[in-house]
Amino acid sequence: MDAAAQIEERNHAGGGEPPAPPPTSDKRTRRLRVLRILRNVAIGVVLALFAAWLVLFITKGRFLKHPFESMASSAAGRQVQVGGEFQLYFAPFRIKFLAEDLSVANPEWAGRPRMFAARHIEARIAPLSLLFGRRHVPMLDLQGGALDLEWDKTHKRNTWTFGSDEGGKPFEFPRIDRATLSDTRIRYLDPQMPLVADLVVDPVTAIDARIGKAVALRGDGTLRKTPFRLSARLLSPDETVDRGRNALELTAWAANNRIDVSGTLPSLAEFEGVPLKVRAQGRDLSELLAIIDVAIPQTRRYALKAQMVKDEATYRFTGMTGTFGQSDLRGTLTVKNAERLRLDAQLATRRLDIVDAAPFIGYNPDIVAAKGAVAAAAATGAGSQRVLPDAALPIGTMQRFDAGLDWKIGAIRSRSVPVQNIALKLSLERGRLALSPLTFSMARGDVASDLIFDTRQRPSAVSYDIRLKPTPMGRLLAGYGVEESGTTGTIGGRIKLEGRGDTIHDSLASASGRIAFVMPRGTFWTRNVQLAELDLGTFASKMFEGKLKEPVQLNCGLVAFTVRGGTAAADPILIDTSKNVITGRGGFSFGTEALDLAFRADGKKFSLFSGQSPVGIGGRFAKPSLDVISPQLLGRAGVGLGLAVAATPVAGLLAFVDVGDAKSAACGPVLAGATAKAQRTTKGKPRDDVGSGRAGKIR
């Protein structure tokens with residue numbers, strides 16, 4: 001028996017346990033076993049990865065097409081499809097992705113089925129960037145890309161935001177080192193404006209993650225119903241790719257207008273709250289606003305600039321400055337694109353050229369400047385030798401939008417119209433246009449008026465209420481040969497008419513009301529035009545003297561008309577001077593613009609011709625005729641004899657008159673603007689020389 005056996009026998013005999021094996025050797029055995037397992041697993045994983053890589057490389061990953069579509073659709077929250085060739089594999093260590101006829105669906109509410117489509121897309125992708133940090137695409141080749149950017153009708157959802165409506169995020173551009181884009185198209189739709197634009201992007205090449213030069217776009221579309229074309233440049237494409245600033249320049253041409261927009265956007269399709277510089281120029285500002293169904297009078301060529309900020313459905317234009325025709329313009333404009341379009345503007349003009357004011361009564365300013373008021377009236381459809389415009393109010397357009405305007409004008413640029421300090425408040429509410437009040441100063445006299453055009457009634461109900469406080473005639477008529485120094489007479493009065501019609505001509509041709517011009521005591525001195533007295537003998541003697549040595553003394557005067565159905569009858573014409581009592585009969589027609597007036601001067605002192613021959617005024621507003629004294633008198637008929645007849649409809653100036661308050665014993669009814677029946681002699685007897693306030697048919 002060996003020693004070991006003897007020891008073991010003794011231990012059994014003594015009842016002891018056999019000794020445990022050494023602990024160090026047991027731990028080493030277990031560690032070796034784990035290492036062998038890990039080694040085998042690692043070798044298996046590597047072999048599996050290599051096998052997968054080899055399979056992908058050999059097959060180009062084409063069999064992953066359907067799994068890719070499923071996973072991409074789930075991640076995007078909308079359907080992703082590949083209609084042609086598909087490859088997804090490591091080549092050798094970066095992922096190569098290739099797809100033909102790739103499409104990403106739009107949300108269900110969108111008008112078109114696909115948000116993005118590409119004829120061919122090929123990319124190299126850094127694998128780890130898919131797990132950590134920003135995605136990195138070392139190479140991208142995109143051909144035939146088509147992007148559909150669309151807002152919904154509420155302007156709360158868009159097609160380029162993925163995920164749920166509440167938690168969705170816009171698509172984030174990966175970092176792209178080298179890229180080539182060709183035949184890329186973009187469609188943008190904003191139904192709230194509504195605006196549709198179809199754009200083509202010029203080919204883009206990026207190297208070392210930098211595009212470098214500006215990216216150009218061009219295309220066309222429609223805004224509301226007006227077609228346009230545009231050209232744009234993305235000035236900071238590298239920053240855009242890095243989700244930085246988006247500096248943009250855009251030029252659009254529409255309806256004979258050019259609009260330039262520039263600024264920096266937070267994203268390519270996000271304009272909200274971003275200040276943009278806007279410039280617009282064209283042949284007629286009304287053509288520009290007609291694009292958004294807004295009607296304003298025609299203008300001559302214009303050029304304006306402003307800063308625009310979009311706030312949901314509101315567009316604010318501030319710091320606006322520019323010109324239209326020969327007039328300047330500055331102020332602010334707000335356009336609210338709500339259920340009913342609304343415009344509000346605060347404008348100021350230092351000097352308004354008289355030609356640029358012509359459209360406010362319906363004339364084309366270019367025709368007025370080139371050929372005069374008669375030709376401009378004819379262009380509106382008025383008859384031959386007419387001056388009242390016959391252009392119809394844009395009824396349909398006026399009933400589609402609302403507006404408010406506060407316009408201050410320093411002065412009207414004109415040789416013979418001393419009008420300044422004009423203040424206009426305009427309100428358009430559902431087809432009812434009110435110019436109320438319209439105030440201005442004319443020859444140190446103040447004019448206030450209220451003009452209403454209610455297109456809700458058919459035909460339109462129109463009212464004119466124009467009031468002129470006493471105004472110095474010397475300054476008012478200085479451009480017509482009246483000597484300001486030596487003329488102390490004033491004139492005031494009122495026009496109040498109501499008619500029906502969709503044109504100025506029609507509304508006046510059907511109008512009824514009263515026109516009254518009052519002249520209190522004063523003097524009247526003329527240089528070249530001797531129409532103040534209508535005393536032919538006195539006139540002849542003064543013409544031989546060469547100049548007037550003393551003013552005509554006016555005691556009081558009234559030139560008034562009662563208007564019925566568009567025909568105005570003298571009611572009365574009565575002027576009392578130191579030498580004569582001048583009376584007139586007849587009237588005029590707004591419908592035919594015919595004049596048929598006869599004036600008679602009964603002398604207070606002896607004159608060879610005094611009271612012998614009435615002086616007649618005939619013809620039309622555009623060309624009144626004086627029967628018949630001299631060429632000088634004929635040329636000034638519309639100012640002297642026709643002061644309240646020809647000049648009122650033609651120039652719309654002497655019509656701005658106001659009833660005076662002055663009273664005198666002999667001139668009380670005259671200064672009160674009373675009718676012919678109320679006129680009295682200085683002895684209180686009814687006058688029988690002023691007619692009845694009615695006129696026969698005037699052709």
# chains A, B, ... in the order shown; residues from 1 in each chain; ligands from 1
call {"tool": "closest_atom_pairs", "arguments": {"of": "region 666-698 of chain A", "to": "region 574-597 of chain A", "cutoff": "8 Å", "atoms": "only C-alpha atoms", "output": "CSV"}}
result
residue,atom,partner,partner_atom,distance
A:Val670,CA,A:Leu574,CA,7.5
A:Asp689,CA,A:Thr583,CA,7.1
A:Val690,CA,A:Thr583,CA,6.2
A:Gly691,CA,A:Arg585,CA,6.5
A:Arg694,CA,A:Gly586,CA,7.8
A:Ala695,CA,A:Gly586,CA,5.4
A:Gly696,CA,A:Gly586,CA,7.5
A:Ile698,CA,A:Ser589,CA,6.3
call {"tool": "write_last_selection", "arguments": {"atoms": "C-alpha atoms", "output": "compact mmCIF listing (two decimals), in the first residue's frame"}}
result
# COMPACT_ATOMS: atom_id res chain seq x y z
CA VAL A 670 -80.46 136.26 -51.84
CA ASP A 689 -88.05 138.93 -63.19
CA VAL A 690 -86.41 135.79 -61.79
CA GLY A 691 -88.63 133.08 -63.26
CA ARG A 694 -88.50 125.54 -63.77
CA ALA A 695 -86.91 125.14 -67.16
CA GLY A 696 -88.22 123.77 -70.38
CA ILE A 698 -83.00 121.26 -72.55
call {"tool": "residues_around", "arguments": {"residues": "Ile504 (chain A)", "least_positions_apart": "2", "cutoff": "8 Å", "atoms": "only C-alpha atoms", "output": "list in words"}}
result
Ile361, Gly362, Leu388, Pro389, Asp390, Ala391, Ala392, Gly501, Asp502, Asp506, Ser507 and Leu508 of chain A
call {"tool": "write_last_selection", "arguments": {"atoms": "N, CA, C and O atoms", "output": "short mmCIF file (atom, residue, chain, number, x, y, z; two decimals), in the first residue's frame"}}
result
data_model
loop_
_atom_site.label_atom_id
_atom_site.label_comp_id
_atom_site.auth_asym_id
_atom_site.auth_seq_id
_atom_site.Cartn_x
_atom_site.Cartn_y
_atom_site.Cartn_z
N ILE A 361 -62.61 110.52 -60.52
CA ILE A 361 -63.95 110.75 -61.07
C ILE A 361 -64.17 109.91 -62.32
O ILE A 361 -65.13 110.15 -63.06
N GLY A 362 -63.27 108.96 -62.59
CA GLY A 362 -63.50 108.00 -63.66
C GLY A 362 -62.72 108.21 -64.93
O GLY A 362 -62.92 107.49 -65.91
N LEU A 388 -68.61 114.35 -68.57
CA LEU A 388 -68.93 113.50 -67.43
C LEU A 388 -68.58 112.05 -67.77
O LEU A 388 -69.07 111.50 -68.76
N PRO A 389 -67.72 111.42 -66.96
CA PRO A 389 -67.30 110.04 -67.27
C PRO A 389 -68.46 109.07 -67.17
O PRO A 389 -69.36 109.22 -66.34
N ASP A 390 -68.44 108.07 -68.03
CA ASP A 390 -69.49 107.06 -68.07
C ASP A 390 -68.93 105.68 -67.75
O ASP A 390 -69.48 104.66 -68.17
N ALA A 391 -67.83 105.66 -67.01
CA ALA A 391 -67.23 104.38 -66.61
C ALA A 391 -68.02 103.82 -65.43
O ALA A 391 -68.25 104.51 -64.43
N ALA A 392 -68.42 102.56 -65.53
CA ALA A 392 -69.24 101.94 -64.48
C ALA A 392 -68.40 101.62 -63.26
O ALA A 392 -67.22 101.26 -63.35
N GLY A 501 -77.57 105.33 -60.27
CA GLY A 501 -76.79 104.95 -61.44
C GLY A 501 -75.46 104.38 -61.04
O GLY A 501 -74.94 104.66 -59.95
N ASP A 502 -74.89 103.58 -61.91
CA ASP A 502 -73.60 102.95 -61.65
C ASP A 502 -72.43 103.72 -62.25
O ASP A 502 -71.29 103.26 -62.20
N ASP A 506 -74.62 108.70 -65.03
CA ASP A 506 -75.98 108.21 -64.81
C ASP A 506 -76.54 108.72 -63.49
O ASP A 506 -77.73 109.04 -63.39
N SER A 507 -75.68 108.76 -62.45
CA SER A 507 -76.19 109.22 -61.15
C SER A 507 -76.58 110.69 -61.20
O SER A 507 -77.57 111.10 -60.57
N LEU A 508 -75.84 111.52 -61.96
CA LEU A 508 -76.19 112.93 -62.08
C LEU A 508 -77.35 113.13 -63.06
O LEU A 508 -78.18 114.02 -62.87
#
call {"tool": "select_by_dssp", "arguments": {"residues": "region 54-178 of chain A", "states": "strand (DSSP E)", "output": "count of residues only"}}
result
54
